[in-house]
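J.: mmCIF, C-alpha atoms and all ligand atoms, saved as upload24.cif, coming up:
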data_structure
#
loop_
_atom_site.group_PDB
_atom_site.id
_atom_site.type_symbol
_atom_site.label_atom_id
_atom_site.label_comp_id
_atom_site.auth_asym_id
_atom_site.auth_seq_id
_atom_site.Cartn_x
_atom_site.Cartn_y
_atom_site.Cartn_z
ATOM 1 C CA MET A 1 -24.027 98.394 77.447
ATOM 2 C CA ALA A 2 -20.571 99.480 78.633
ATOM 3 C CA LYS A 3 -18.576 96.837 80.437
ATOM 4 C CA PRO A 4 -17.972 97.465 84.151
ATOM 5 C CA SER A 5 -14.538 98.891 84.859
ATOM 6 C CA VAL A 6 -12.271 96.904 87.152
ATOM 7 C CA ILE A 7 -8.835 97.574 88.631
ATOM 8 C CA VAL A 8 -6.825 94.515 89.709
ATOM 9 C CA THR A 9 -4.223 95.293 92.359
ATOM 10 C CA ARG A 10 -1.723 92.469 91.619
ATOM 11 C CA ARG A 11 -0.798 90.095 88.806
ATOM 12 C CA TRP A 12 -3.193 87.154 88.535
ATOM 13 C CA PRO A 13 -2.700 83.842 86.671
ATOM 14 C CA ALA A 14 -2.724 84.326 82.886
ATOM 15 C CA ALA A 15 -5.931 82.344 82.293
ATOM 16 C CA VAL A 16 -7.776 84.533 84.789
ATOM 17 C CA GLU A 17 -6.381 87.776 83.384
ATOM 18 C CA ALA A 18 -7.531 86.668 79.915
ATOM 19 C CA ARG A 19 -11.070 86.078 81.201
ATOM 20 C CA LEU A 20 -11.032 89.406 83.068
ATOM 21 C CA SER A 21 -10.126 91.167 79.819
ATOM 22 C CA GLU A 22 -13.073 89.560 78.032
ATOM 23 C CA LEU A 23 -15.642 90.490 80.639
ATOM 24 C CA PHE A 24 -14.546 93.852 81.983
ATOM 25 C CA GLU A 25 -12.879 97.110 81.079
ATOM 26 C CA VAL A 26 -9.927 95.998 83.120
ATOM 27 C CA ARG A 27 -6.716 97.637 84.302
ATOM 28 C CA LEU A 28 -4.217 94.884 85.134
ATOM 29 C CA ASN A 29 -1.055 95.274 87.190
ATOM 30 C CA HIS A 30 1.499 93.944 84.696
ATOM 31 C CA ASP A 31 4.503 94.886 86.878
ATOM 32 C CA ASP A 32 2.947 93.250 89.962
ATOM 33 C CA ARG A 33 4.152 96.110 92.156
ATOM 34 C CA PRO A 34 2.082 96.468 95.354
ATOM 35 C CA MET A 35 -0.162 99.547 95.235
ATOM 36 C CA ASP A 36 0.348 102.106 98.009
ATOM 37 C CA LYS A 37 -2.419 103.841 99.914
ATOM 38 C CA ALA A 38 -2.757 106.689 97.403
ATOM 39 C CA ALA A 39 -2.963 104.254 94.469
ATOM 40 C CA LEU A 40 -5.604 102.142 96.250
ATOM 41 C CA MET A 41 -7.668 105.263 97.018
ATOM 42 C CA ASP A 42 -7.322 106.378 93.433
ATOM 43 C CA ALA A 43 -8.535 102.949 92.269
ATOM 44 C CA LEU A 44 -11.633 103.249 94.483
ATOM 45 C CA SER A 45 -12.302 106.655 92.926
ATOM 46 C CA THR A 46 -11.837 105.456 89.344
ATOM 47 C CA ALA A 47 -13.276 101.978 88.746
ATOM 48 C CA ASP A 48 -16.616 100.258 89.361
ATOM 49 C CA ALA A 49 -14.823 97.458 91.223
ATOM 50 C CA VAL A 50 -11.401 96.831 92.734
ATOM 51 C CA PHE A 51 -10.075 93.271 92.865
ATOM 52 C CA THR A 52 -7.782 93.043 95.857
ATOM 53 C CA THR A 53 -5.602 90.519 97.730
ATOM 54 C CA VAL A 54 -4.142 89.916 101.177
ATOM 55 C CA SER A 55 -1.127 92.121 100.378
ATOM 56 C CA ASP A 56 -3.317 95.258 100.096
ATOM 57 C CA ARG A 57 -4.214 97.060 103.317
ATOM 58 C CA ILE A 58 -7.763 98.296 102.707
ATOM 59 C CA ASP A 59 -8.265 100.242 105.939
ATOM 60 C CA ALA A 60 -10.789 102.928 106.899
ATOM 61 C CA GLU A 61 -8.588 105.662 105.425
ATOM 62 C CA VAL A 62 -8.370 103.914 102.044
ATOM 63 C CA LEU A 63 -12.124 103.362 102.185
ATOM 64 C CA SER A 64 -12.716 107.079 102.785
ATOM 65 C CA ALA A 65 -11.737 107.750 99.128
ATOM 66 C CA GLU A 66 -13.758 110.518 97.471
ATOM 67 C CA PRO A 67 -15.505 110.405 95.129
ATOM 68 C CA LEU A 68 -16.227 106.701 95.674
ATOM 69 C CA THR A 69 -16.966 104.984 92.367
ATOM 70 C CA ALA A 70 -16.147 101.388 93.356
ATOM 71 C CA LYS A 71 -18.984 99.627 95.090
ATOM 72 C CA LEU A 72 -17.445 96.160 94.895
ATOM 73 C CA LEU A 73 -14.246 94.814 96.459
ATOM 74 C CA GLY A 74 -13.593 91.369 95.031
ATOM 75 C CA SER A 75 -10.991 89.792 97.272
ATOM 76 C CA PHE A 76 -8.735 87.043 95.925
ATOM 77 C CA GLY A 77 -8.473 84.793 98.992
ATOM 78 C CA VAL A 78 -10.596 83.340 101.746
ATOM 79 C CA GLY A 79 -9.271 85.486 104.616
ATOM 80 C CA PHE A 80 -10.410 89.107 104.518
ATOM 81 C CA ASN A 81 -8.758 90.634 107.586
ATOM 82 C CA HIS A 82 -6.848 92.994 105.258
ATOM 83 C CA ILE A 83 -10.141 94.804 104.659
ATOM 84 C CA ASP A 84 -11.876 96.956 107.281
ATOM 85 C CA ILE A 85 -15.250 95.282 106.819
ATOM 86 C CA GLU A 86 -17.179 97.731 109.035
ATOM 87 C CA ALA A 87 -15.779 100.711 107.109
ATOM 88 C CA ALA A 88 -16.660 98.993 103.805
ATOM 89 C CA LYS A 89 -20.218 98.371 105.008
ATOM 90 C CA ALA A 90 -20.531 101.959 106.179
ATOM 91 C CA ARG A 91 -19.682 103.101 102.646
ATOM 92 C CA GLY A 92 -22.104 100.670 101.031
ATOM 93 C CA ILE A 93 -19.327 98.595 99.458
ATOM 94 C CA THR A 94 -19.981 94.914 98.769
ATOM 95 C CA VAL A 95 -17.076 92.610 99.648
ATOM 96 C CA THR A 96 -16.645 89.056 98.330
ATOM 97 C CA ASN A 97 -14.059 86.313 99.002
ATOM 98 C CA THR A 98 -13.031 82.914 97.584
ATOM 99 C CA PRO A 99 -13.735 80.101 100.085
ATOM 100 C CA GLU A 100 -13.516 76.334 99.482
ATOM 101 C CA VAL A 101 -11.383 76.338 96.315
ATOM 102 C CA LEU A 102 -8.209 76.714 98.396
ATOM 103 C CA THR A 103 -9.069 74.272 101.186
ATOM 104 C CA ASP A 104 -7.120 71.282 99.818
ATOM 105 C CA ALA A 105 -4.063 73.262 98.736
ATOM 106 C CA THR A 106 -3.797 74.946 102.136
ATOM 107 C CA ALA A 107 -4.311 71.701 104.062
ATOM 108 C CA ASP A 108 -1.647 70.049 101.873
ATOM 109 C CA LEU A 109 0.762 72.837 102.740
ATOM 110 C CA ALA A 110 0.024 72.609 106.468
ATOM 111 C CA MET A 111 0.814 68.870 106.273
ATOM 112 C CA THR A 112 3.993 69.714 104.335
ATOM 113 C CA LEU A 113 5.137 72.077 107.100
ATOM 114 C CA LEU A 114 4.263 69.559 109.799
ATOM 115 C CA LEU A 115 6.258 66.802 108.121
ATOM 116 C CA MET A 116 9.148 69.095 107.220
ATOM 117 C CA VAL A 117 9.642 70.417 110.719
ATOM 118 C CA ALA A 118 9.216 67.008 112.396
ATOM 119 C CA ARG A 119 11.648 65.309 110.013
ATOM 120 C CA ARG A 120 14.098 68.235 109.813
ATOM 121 C CA ALA A 121 13.639 68.403 106.035
ATOM 122 C CA GLY A 122 14.610 72.073 105.619
ATOM 123 C CA GLU A 123 17.673 71.606 107.763
ATOM 124 C CA GLY A 124 18.607 68.399 105.927
ATOM 125 C CA GLU A 125 18.249 70.043 102.558
ATOM 126 C CA ARG A 126 20.469 72.944 103.597
ATOM 127 C CA HIS A 127 22.989 70.396 104.915
ATOM 128 C CA VAL A 128 23.207 68.524 101.593
ATOM 129 C CA ARG A 129 23.345 71.693 99.507
ATOM 130 C CA ALA A 130 26.122 73.078 101.699
ATOM 131 C CA GLY A 131 28.222 69.986 100.921
ATOM 132 C CA ALA A 132 28.297 69.181 104.642
ATOM 133 C CA TRP A 133 26.884 65.625 104.433
ATOM 134 C CA SER A 134 29.534 63.098 105.348
ATOM 135 C CA GLY A 135 27.366 59.984 104.919
ATOM 136 C CA TRP A 136 24.709 57.839 106.579
ATOM 137 C CA ARG A 137 25.028 57.145 110.292
ATOM 138 C CA PRO A 138 22.559 55.871 112.902
ATOM 139 C CA THR A 139 22.407 59.088 114.906
ATOM 140 C CA HIS A 140 22.396 61.575 112.056
ATOM 141 C CA MET A 141 19.668 64.253 112.054
ATOM 142 C CA MET A 142 17.078 62.274 113.938
ATOM 143 C CA GLY A 143 13.676 63.883 113.861
ATOM 144 C CA THR A 144 10.349 63.027 115.447
ATOM 145 C CA GLN A 145 7.875 60.387 114.276
ATOM 146 C CA VAL A 146 4.623 61.862 112.948
ATOM 147 C CA THR A 147 2.561 58.688 112.467
ATOM 148 C CA GLY A 148 0.325 57.936 115.432
ATOM 149 C CA LYS A 149 0.929 61.227 117.253
ATOM 150 C CA THR A 150 -1.698 63.709 118.464
ATOM 151 C CA LEU A 151 -2.569 66.732 116.325
ATOM 152 C CA GLY A 152 -4.417 69.645 117.929
ATOM 153 C CA LEU A 153 -6.255 72.036 115.632
ATOM 154 C CA VAL A 154 -7.095 75.536 116.782
ATOM 155 C CA GLY A 155 -10.052 76.298 114.505
ATOM 156 C CA PHE A 156 -11.936 73.423 112.934
ATOM 157 C CA GLY A 157 -13.418 74.951 109.805
ATOM 158 C CA ARG A 158 -12.903 73.705 106.262
ATOM 159 C CA ILE A 159 -9.096 73.850 106.212
ATOM 160 C CA GLY A 160 -8.695 72.483 109.738
ATOM 161 C CA ARG A 161 -10.946 69.537 108.892
ATOM 162 C CA ALA A 162 -9.128 68.886 105.598
ATOM 163 C CA LEU A 163 -5.834 68.720 107.500
ATOM 164 C CA ALA A 164 -7.445 66.472 110.121
ATOM 165 C CA SER A 165 -8.554 64.101 107.368
ATOM 166 C CA ARG A 166 -5.030 63.864 105.927
ATOM 167 C CA ALA A 167 -3.469 63.454 109.372
ATOM 168 C CA HIS A 168 -6.004 60.932 110.693
ATOM 169 C CA HIS A 169 -6.525 58.757 107.633
ATOM 170 C CA GLY A 170 -3.036 59.112 106.165
ATOM 171 C CA PHE A 171 -0.871 59.211 109.278
ATOM 172 C CA GLY A 172 -3.047 57.564 111.931
ATOM 173 C CA MET A 173 -2.957 60.701 114.051
ATOM 174 C CA LYS A 174 -5.324 61.326 116.912
ATOM 175 C CA ILE A 175 -7.224 64.574 116.325
ATOM 176 C CA LEU A 176 -8.115 67.164 118.979
ATOM 177 C CA PHE A 177 -9.693 70.506 118.180
ATOM 178 C CA HIS A 178 -10.874 73.726 119.735
ATOM 179 C CA ASP A 179 -13.526 75.733 117.920
ATOM 180 C CA PRO A 180 -16.384 77.831 119.296
ATOM 181 C CA TYR A 181 -18.565 76.544 116.419
ATOM 182 C CA PRO A 182 -17.863 72.795 116.208
ATOM 183 C CA PRO A 183 -19.011 70.856 113.148
ATOM 184 C CA ALA A 184 -21.794 68.257 113.164
ATOM 185 C CA PRO A 185 -21.232 65.053 115.225
ATOM 186 C CA GLU A 186 -21.047 62.855 112.097
ATOM 187 C CA GLN A 187 -18.165 64.983 110.760
ATOM 188 C CA LEU A 188 -16.355 64.585 114.079
ATOM 189 C CA ALA A 189 -16.918 60.832 114.039
ATOM 190 C CA ALA A 190 -15.501 60.504 110.501
ATOM 191 C CA LEU A 191 -12.283 62.166 111.685
ATOM 192 C CA GLY A 192 -12.217 60.586 115.147
ATOM 193 C CA ALA A 193 -11.945 64.177 116.388
ATOM 194 C CA GLU A 194 -12.365 65.122 120.040
ATOM 195 C CA PRO A 195 -13.201 68.644 121.198
ATOM 196 C CA CYS A 196 -11.152 70.533 123.797
ATOM 197 C CA ALA A 197 -13.024 73.074 125.909
ATOM 198 C CA THR A 198 -10.143 75.561 125.925
ATOM 199 C CA VAL A 199 -7.104 76.382 123.782
ATOM 200 C CA GLU A 200 -4.969 75.585 126.842
ATOM 201 C CA ASP A 201 -6.436 72.066 127.127
ATOM 202 C CA LEU A 202 -5.604 71.464 123.484
ATOM 203 C CA LEU A 203 -2.047 72.802 123.785
ATOM 204 C CA GLU A 204 -1.317 70.646 126.831
ATOM 205 C CA SER A 205 -2.355 67.431 125.069
ATOM 206 C CA SER A 206 -0.982 67.852 121.515
ATOM 207 C CA ASP A 207 2.306 66.747 119.957
ATOM 208 C CA PHE A 208 1.594 69.006 116.966
ATOM 209 C CA VAL A 209 -0.570 72.124 116.985
ATOM 210 C CA SER A 210 -1.852 73.679 113.766
ATOM 211 C CA LEU A 211 -3.657 77.028 113.610
ATOM 212 C CA HIS A 212 -6.745 77.396 111.413
ATOM 213 C CA CYS A 213 -8.647 80.309 112.911
ATOM 214 C CA PRO A 214 -9.482 83.513 111.019
ATOM 215 C CA GLY A 215 -7.196 86.538 111.402
ATOM 216 C CA GLY A 216 -8.316 89.846 112.896
ATOM 217 C CA ALA A 217 -8.601 91.557 116.275
ATOM 218 C CA ALA A 218 -10.288 88.598 118.003
ATOM 219 C CA THR A 219 -7.406 86.177 117.333
ATOM 220 C CA ARG A 220 -4.414 88.567 117.392
ATOM 221 C CA HIS A 221 -1.678 87.015 119.583
ATOM 222 C CA LEU A 222 -3.933 84.115 120.508
ATOM 223 C CA ILE A 223 -0.697 82.144 120.781
ATOM 224 C CA ASN A 224 1.312 84.263 123.217
ATOM 225 C CA ALA A 225 4.028 83.478 125.774
ATOM 226 C CA ALA A 226 1.551 82.082 128.312
ATOM 227 C CA ARG A 227 -0.061 79.748 125.779
ATOM 228 C CA LEU A 228 3.288 78.648 124.338
ATOM 229 C CA ALA A 229 4.212 77.672 127.891
ATOM 230 C CA CYS A 230 1.205 75.308 127.913
ATOM 231 C CA MET A 231 2.604 73.299 124.992
ATOM 232 C CA LYS A 232 4.478 70.045 125.564
ATOM 233 C CA PRO A 233 8.278 70.540 125.554
ATOM 234 C CA GLY A 234 8.718 68.326 122.485
ATOM 235 C CA ALA A 235 5.762 69.800 120.568
ATOM 236 C CA TYR A 236 5.687 71.581 117.217
ATOM 237 C CA LEU A 237 3.581 74.552 116.087
ATOM 238 C CA VAL A 238 2.323 75.009 112.503
ATOM 239 C CA ASN A 239 0.710 78.182 111.169
ATOM 240 C CA THR A 240 -0.945 78.602 107.769
ATOM 241 C CA SER A 241 -3.661 81.011 108.982
ATOM 242 C CA ARG A 242 -2.538 84.581 109.640
ATOM 243 C CA GLY A 243 0.813 85.708 111.011
ATOM 244 C CA ASP A 244 -0.447 87.817 113.871
ATOM 245 C CA VAL A 245 -2.342 84.903 115.444
ATOM 246 C CA ILE A 246 1.094 84.152 116.928
ATOM 247 C CA GLU A 247 3.089 86.696 118.936
ATOM 248 C CA GLU A 248 6.233 86.171 116.864
ATOM 249 C CA ALA A 249 8.688 87.472 119.482
ATOM 250 C CA ALA A 250 7.216 85.109 122.086
ATOM 251 C CA LEU A 251 7.495 82.190 119.648
ATOM 252 C CA ALA A 252 11.144 82.996 118.919
ATOM 253 C CA ALA A 253 11.845 83.086 122.669
ATOM 254 C CA ALA A 254 10.038 79.768 123.262
ATOM 255 C CA LEU A 255 12.019 78.111 120.471
ATOM 256 C CA LYS A 256 15.299 79.581 121.698
ATOM 257 C CA ASP A 257 14.679 78.367 125.261
ATOM 258 C CA GLY A 258 13.710 74.901 124.008
ATOM 259 C CA GLN A 259 10.210 75.334 125.454
ATOM 260 C CA ILE A 260 8.872 73.792 122.235
ATOM 261 C CA ALA A 261 10.726 71.717 119.648
ATOM 262 C CA GLY A 262 10.049 73.575 116.418
ATOM 263 C CA ALA A 263 7.674 75.510 114.187
ATOM 264 C CA GLY A 264 6.490 75.442 110.572
ATOM 265 C CA LEU A 265 5.325 78.867 109.440
ATOM 266 C CA ASP A 266 3.752 80.027 106.188
ATOM 267 C CA VAL A 267 2.566 83.404 107.515
ATOM 268 C CA PHE A 268 4.241 86.105 109.605
ATOM 269 C CA GLU A 269 3.299 89.020 111.786
ATOM 270 C CA GLY A 270 5.098 91.653 109.711
ATOM 271 C CA GLU A 271 4.867 89.833 106.373
ATOM 272 C CA PRO A 272 6.941 89.851 104.171
ATOM 273 C CA LYS A 273 9.411 90.654 106.967
ATOM 274 C CA VAL A 274 10.378 87.721 109.172
ATOM 275 C CA SER A 275 11.951 88.191 112.576
ATOM 276 C CA PRO A 276 15.762 87.793 112.368
ATOM 277 C CA ALA A 277 15.648 85.449 115.373
ATOM 278 C CA LEU A 278 13.484 82.975 113.438
ATOM 279 C CA LEU A 279 15.615 83.298 110.311
ATOM 280 C CA ALA A 280 18.644 82.211 112.320
ATOM 281 C CA MET A 281 17.039 79.026 113.718
ATOM 282 C CA GLU A 282 17.420 75.539 112.252
ATOM 283 C CA ASN A 283 14.316 74.100 113.933
ATOM 284 C CA VAL A 284 11.846 76.284 112.044
ATOM 285 C CA VAL A 285 10.552 75.867 108.508
ATOM 286 C CA LEU A 286 9.716 79.191 106.863
ATOM 287 C CA LEU A 287 7.636 79.492 103.692
ATOM 288 C CA PRO A 288 6.528 82.675 101.868
ATOM 289 C CA HIS A 289 2.713 82.443 102.323
ATOM 290 C CA LEU A 290 2.295 79.590 99.834
ATOM 291 C CA GLY A 291 -0.860 78.024 101.321
ATOM 292 C CA SER A 292 -3.024 78.406 98.224
ATOM 293 C CA ALA A 293 -0.155 78.631 95.729
ATOM 294 C CA THR A 294 -0.902 75.888 93.216
ATOM 295 C CA GLU A 295 -1.692 76.686 89.603
ATOM 296 C CA GLU A 296 -5.065 74.941 89.873
ATOM 297 C CA THR A 297 -6.064 76.711 93.062
ATOM 298 C CA ARG A 298 -4.943 80.201 92.089
ATOM 299 C CA VAL A 299 -6.847 79.929 88.789
ATOM 300 C CA ALA A 300 -9.933 78.701 90.660
ATOM 301 C CA MET A 301 -9.647 81.599 93.133
ATOM 302 C CA GLY A 302 -9.466 84.128 90.309
ATOM 303 C CA MET A 303 -12.414 82.576 88.497
ATOM 304 C CA MET A 304 -14.397 82.731 91.738
ATOM 305 C CA VAL A 305 -13.713 86.463 92.088
ATOM 306 C CA ILE A 306 -15.036 86.824 88.531
ATOM 307 C CA GLU A 307 -18.124 84.729 89.303
ATOM 308 C CA ASN A 308 -18.870 86.923 92.321
ATOM 309 C CA ALA A 309 -18.443 90.099 90.245
ATOM 310 C CA GLU A 310 -20.585 88.839 87.369
ATOM 311 C CA ALA A 311 -23.411 88.161 89.826
ATOM 312 C CA TYR A 312 -22.955 91.571 91.422
ATOM 313 C CA PHE A 313 -23.008 93.463 88.113
ATOM 314 C CA ALA A 314 -26.034 91.442 86.929
ATOM 315 C CA GLY A 315 -27.923 92.617 90.020
ATOM 316 C CA ARG A 316 -27.842 89.169 91.652
ATOM 317 C CA GLU A 317 -26.543 88.230 95.102
ATOM 318 C CA PRO A 318 -22.802 87.353 94.793
ATOM 319 C CA PRO A 319 -22.321 83.718 95.911
ATOM 320 C CA ASN A 320 -19.497 84.561 98.322
ATOM 321 C CA ARG A 321 -20.443 87.861 99.847
ATOM 322 C CA VAL A 322 -18.851 88.716 103.199
ATOM 323 C CA ALA A 323 -20.175 92.310 103.433
HETATM 324 C C1 LIG A 401 -6.207 83.348 101.838
HETATM 325 O O1 LIG A 401 -6.938 82.991 100.934
HETATM 326 O O2 LIG A 401 -6.658 83.849 102.875
HETATM 327 C C2 LIG A 401 -4.748 83.161 101.654
HETATM 328 O O3 LIG A 401 -4.036 83.349 102.814
HETATM 329 C C3 LIG A 401 -4.266 84.112 100.583
HETATM 330 O O4 LIG A 401 -4.757 85.351 100.879
#
The structure given in the file should be rewritten as structure tokens.
Ligand code: DGY
T.:
Amino acid sequence: MAKPSVIVTRRWPAAVEARLSELFEVRLNHDDRPMDKAALMDALSTADAVFTTVSDRIDAEVLSAEPLTAKLLGSFGVGFNHIDIEAAKARGITVTNTPEVLTDATADLAMTLLLMVARRAGEGERHVRAGAWSGWRPTHMMGTQVTGKTLGLVGFGRIGRALASRAHHGFGMKILFHDPYPPAPEQLAALGAEPCATVEDLLESSDFVSLHCPGGAATRHLINAARLACMKPGAYLVNTSRGDVIEEAALAAALKDGQIAGAGLDVFEGEPKVSPALLAMENVVLLPHLGSATEETRVAMGMMVIENAEAYFAGREPPNRVA
């Protein structure tokens, strides 16, 4: 039987590309250049499956490709707000994602951002590299203590809980959360986590706020000027979810006015563009969407896309189907 044909939109880790080549009639993207709309539509009209990532915009127009040969979109990542799920469903396309395997890596990175911004690590590193360090002194580059402070999590799914575990057990932090679907009471007890009825309640009571809600229309600009104004003046905001959960211009204004103390950001509204105002600030840590970027995790994500596709092509239910 002929192998299913697959087009992969970006470069994937070598071990995964090798496995893809064994299992499928695969077209890899050796140059790793992002595919434009026409190329994505062409892929949907050529292959049996397209393996996509967060950097591809799979909107209703892309999904209107004719003739449509691809009936599977295997997404490399847990978030799938880059795909118009309703349009995919309407065209009978199955969509899969890669949950769980990136939980630890992303929680580790959120903790990294939290520590970096509180302890001015980015700023300090730039200072040393610039040759500006004149020596130790008691008042030099004082940051904020993390241990024992209160961390508020907006969204308390897998990644939010993994961060809570690190923060509570490793740094003695008190954990607050807001989530419309809270986890079971025993999970809350293990993390000493207390629910907040509203996002505002959480913002008012937290020294650090970390965002772990899904992207998409429902959470776009969840953190806007009014909500930023609810945060404590010395508080810090961390985002490893999706860029447009924060209204970036409002965040830049809040930081500039000293309404909040700092921010650690891994994702941006106009990614890969970052607002010039943020780029110019010392009290923000900016990373290029590295949440899941460890060798181990990226290989596991790729292998999970393959596992989903193998099930699909064998006529079984893919383990991580989102549409
Ligand atoms: C995810 O898995 O959602 C990461 O942000 C990479 O897409």
J.: Taking all atoms listed in the file into account, name the residue in A:Leu114, A:Leu73, A:Val285, A:Leu68 that is nearest to Val8 (chain A).
T.: A:Leu73
J.: Using only the atoms of region 91-110 of chain A listed in the file, plus 3 Å on each side, state the axis-aligned box centre and edge lengths in Å rounded to one decimal, as JSON.
T.:
{"center_x": -10.7, "center_y": 86.6, "center_z": 101.4, "size_x": 28.9, "size_y": 39.1, "size_z": 16.2}
J.: Excluding same-chain residues fewer than 3 positions from Ala18 (chain A), what lies within 12 Å of it counting all atoms listed in the file, as a list in words?
T.: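 Surrounding residues, per the criterion: Arg11, Trp12, Pro13, Ala14, Ala15, Ser21, Glu22, Leu23, Phe24, Glu25, Val26, Arg27, Leu28, Val299, Gly302, Met303 and Ile306 of chain A.
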J.: To verify the selection step, state as a PDB file with C-alpha atoms, in the coordinates of the input which residues the PyMOL selection byres (((not hetatm)) within 7 of (chain A and resi 401)) yields on this input.
T.:
ATOM      1  CA  THR A  53      -5.602  90.519  97.730  1.00  0.00           C
ATOM      2  CA  VAL A  54      -4.142  89.916 101.177  1.00  0.00           C
ATOM      3  CA  PHE A  76      -8.735  87.043  95.925  1.00  0.00           C
ATOM      4  CA  GLY A  77      -8.473  84.793  98.992  1.00  0.00           C
ATOM      5  CA  VAL A  78     -10.596  83.340 101.746  1.00  0.00           C
ATOM      6  CA  GLY A  79      -9.271  85.486 104.616  1.00  0.00           C
ATOM      7  CA  PHE A  80     -10.410  89.107 104.518  1.00  0.00           C
ATOM      8  CA  THR A  98     -13.031  82.914  97.584  1.00  0.00           C
ATOM      9  CA  LEU A 102      -8.209  76.714  98.396  1.00  0.00           C
ATOM     10  CA  SER A 241      -3.661  81.011 108.982  1.00  0.00           C
ATOM     11  CA  HIS A 289       2.713  82.443 102.323  1.00  0.00           C
ATOM     12  CA  GLY A 291      -0.860  78.024 101.321  1.00  0.00           C
ATOM     13  CA  SER A 292      -3.024  78.406  98.224  1.00  0.00           C
TER      14      SER A 292
END
J.: Evaluating the PyMOL selection byres (((chain A and resi 115-127) around 9) and not hetatm) on the displayed file yields which residues, as a list of chain:residue names?
T.: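 So the PyMOL selection byres (((chain A and resi 115-127) around 9) and not hetatm) ends up selecting A:Ala110, A:Met111, A:Thr112, A:Leu113, A:Leu114, A:Val128, A:Arg129, A:Ala130, A:Gly131, A:Ala132, A:Trp133, A:Met141, A:Met142, A:Gly143, A:Thr144, A:Gln145, A:Val146, A:Tyr236, A:Val238, A:Ala261, A:Gly262, A:Ala263, A:Gly264, A:Glu282, A:Asn283, A:Val284, A:Val285, A:Leu286.
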J.: Would you mind putting N, CA and C atoms back on region 230-243 of chain A and writing the result as an mmCIF file, in the coordinates of the input?
T.:
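Writing done, so here's result04.cif:
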data_model
loop_
_atom_site.group_PDB
_atom_site.id
_atom_site.type_symbol
_atom_site.label_atom_id
_atom_site.label_comp_id
_atom_site.auth_asym_id
_atom_site.auth_seq_id
_atom_site.Cartn_x
_atom_site.Cartn_y
_atom_site.Cartn_z
ATOM 1 N N CYS A 230 2.099 76.463 127.686
ATOM 2 C CA CYS A 230 1.205 75.308 127.913
ATOM 3 C C CYS A 230 1.571 74.129 127.021
ATOM 4 N N MET A 231 2.318 74.385 125.938
ATOM 5 C CA MET A 231 2.604 73.299 124.992
ATOM 6 C C MET A 231 3.597 72.302 125.596
ATOM 7 N N LYS A 232 3.525 71.063 125.113
ATOM 8 C CA LYS A 232 4.478 70.045 125.564
ATOM 9 C C LYS A 232 5.884 70.450 125.130
ATOM 10 N N PRO A 233 6.897 70.140 125.910
ATOM 11 C CA PRO A 233 8.278 70.540 125.554
ATOM 12 C C PRO A 233 8.732 70.023 124.187
ATOM 13 N N GLY A 234 8.269 68.859 123.777
ATOM 14 C CA GLY A 234 8.718 68.326 122.485
ATOM 15 C C GLY A 234 7.764 68.646 121.344
ATOM 16 N N ALA A 235 6.823 69.574 121.561
ATOM 17 C CA ALA A 235 5.762 69.800 120.568
ATOM 18 C C ALA A 235 6.186 70.778 119.470
ATOM 19 N N TYR A 236 5.424 70.733 118.391
ATOM 20 C CA TYR A 236 5.687 71.581 117.217
ATOM 21 C C TYR A 236 4.443 72.420 116.915
ATOM 22 N N LEU A 237 4.680 73.638 116.423
ATOM 23 C CA LEU A 237 3.581 74.552 116.087
ATOM 24 C C LEU A 237 3.601 74.840 114.585
ATOM 25 N N VAL A 238 2.429 74.752 113.948
ATOM 26 C CA VAL A 238 2.323 75.009 112.503
ATOM 27 C C VAL A 238 1.309 76.132 112.298
ATOM 28 N N ASN A 239 1.657 77.089 111.440
ATOM 29 C CA ASN A 239 0.710 78.182 111.169
ATOM 30 C C ASN A 239 0.578 78.460 109.680
ATOM 31 N N THR A 240 -0.630 78.221 109.159
ATOM 32 C CA THR A 240 -0.945 78.602 107.769
ATOM 33 C C THR A 240 -2.134 79.564 107.757
ATOM 34 N N SER A 241 -2.460 80.156 108.923
ATOM 35 C CA SER A 241 -3.661 81.011 108.982
ATOM 36 C C SER A 241 -3.278 82.471 108.723
ATOM 37 N N ARG A 242 -3.029 83.221 109.785
ATOM 38 C CA ARG A 242 -2.538 84.581 109.640
ATOM 39 C C ARG A 242 -1.399 84.783 110.633
ATOM 40 N N GLY A 243 -0.400 85.575 110.215
ATOM 41 C CA GLY A 243 0.813 85.708 111.011
ATOM 42 C C GLY A 243 0.567 86.215 112.412
#
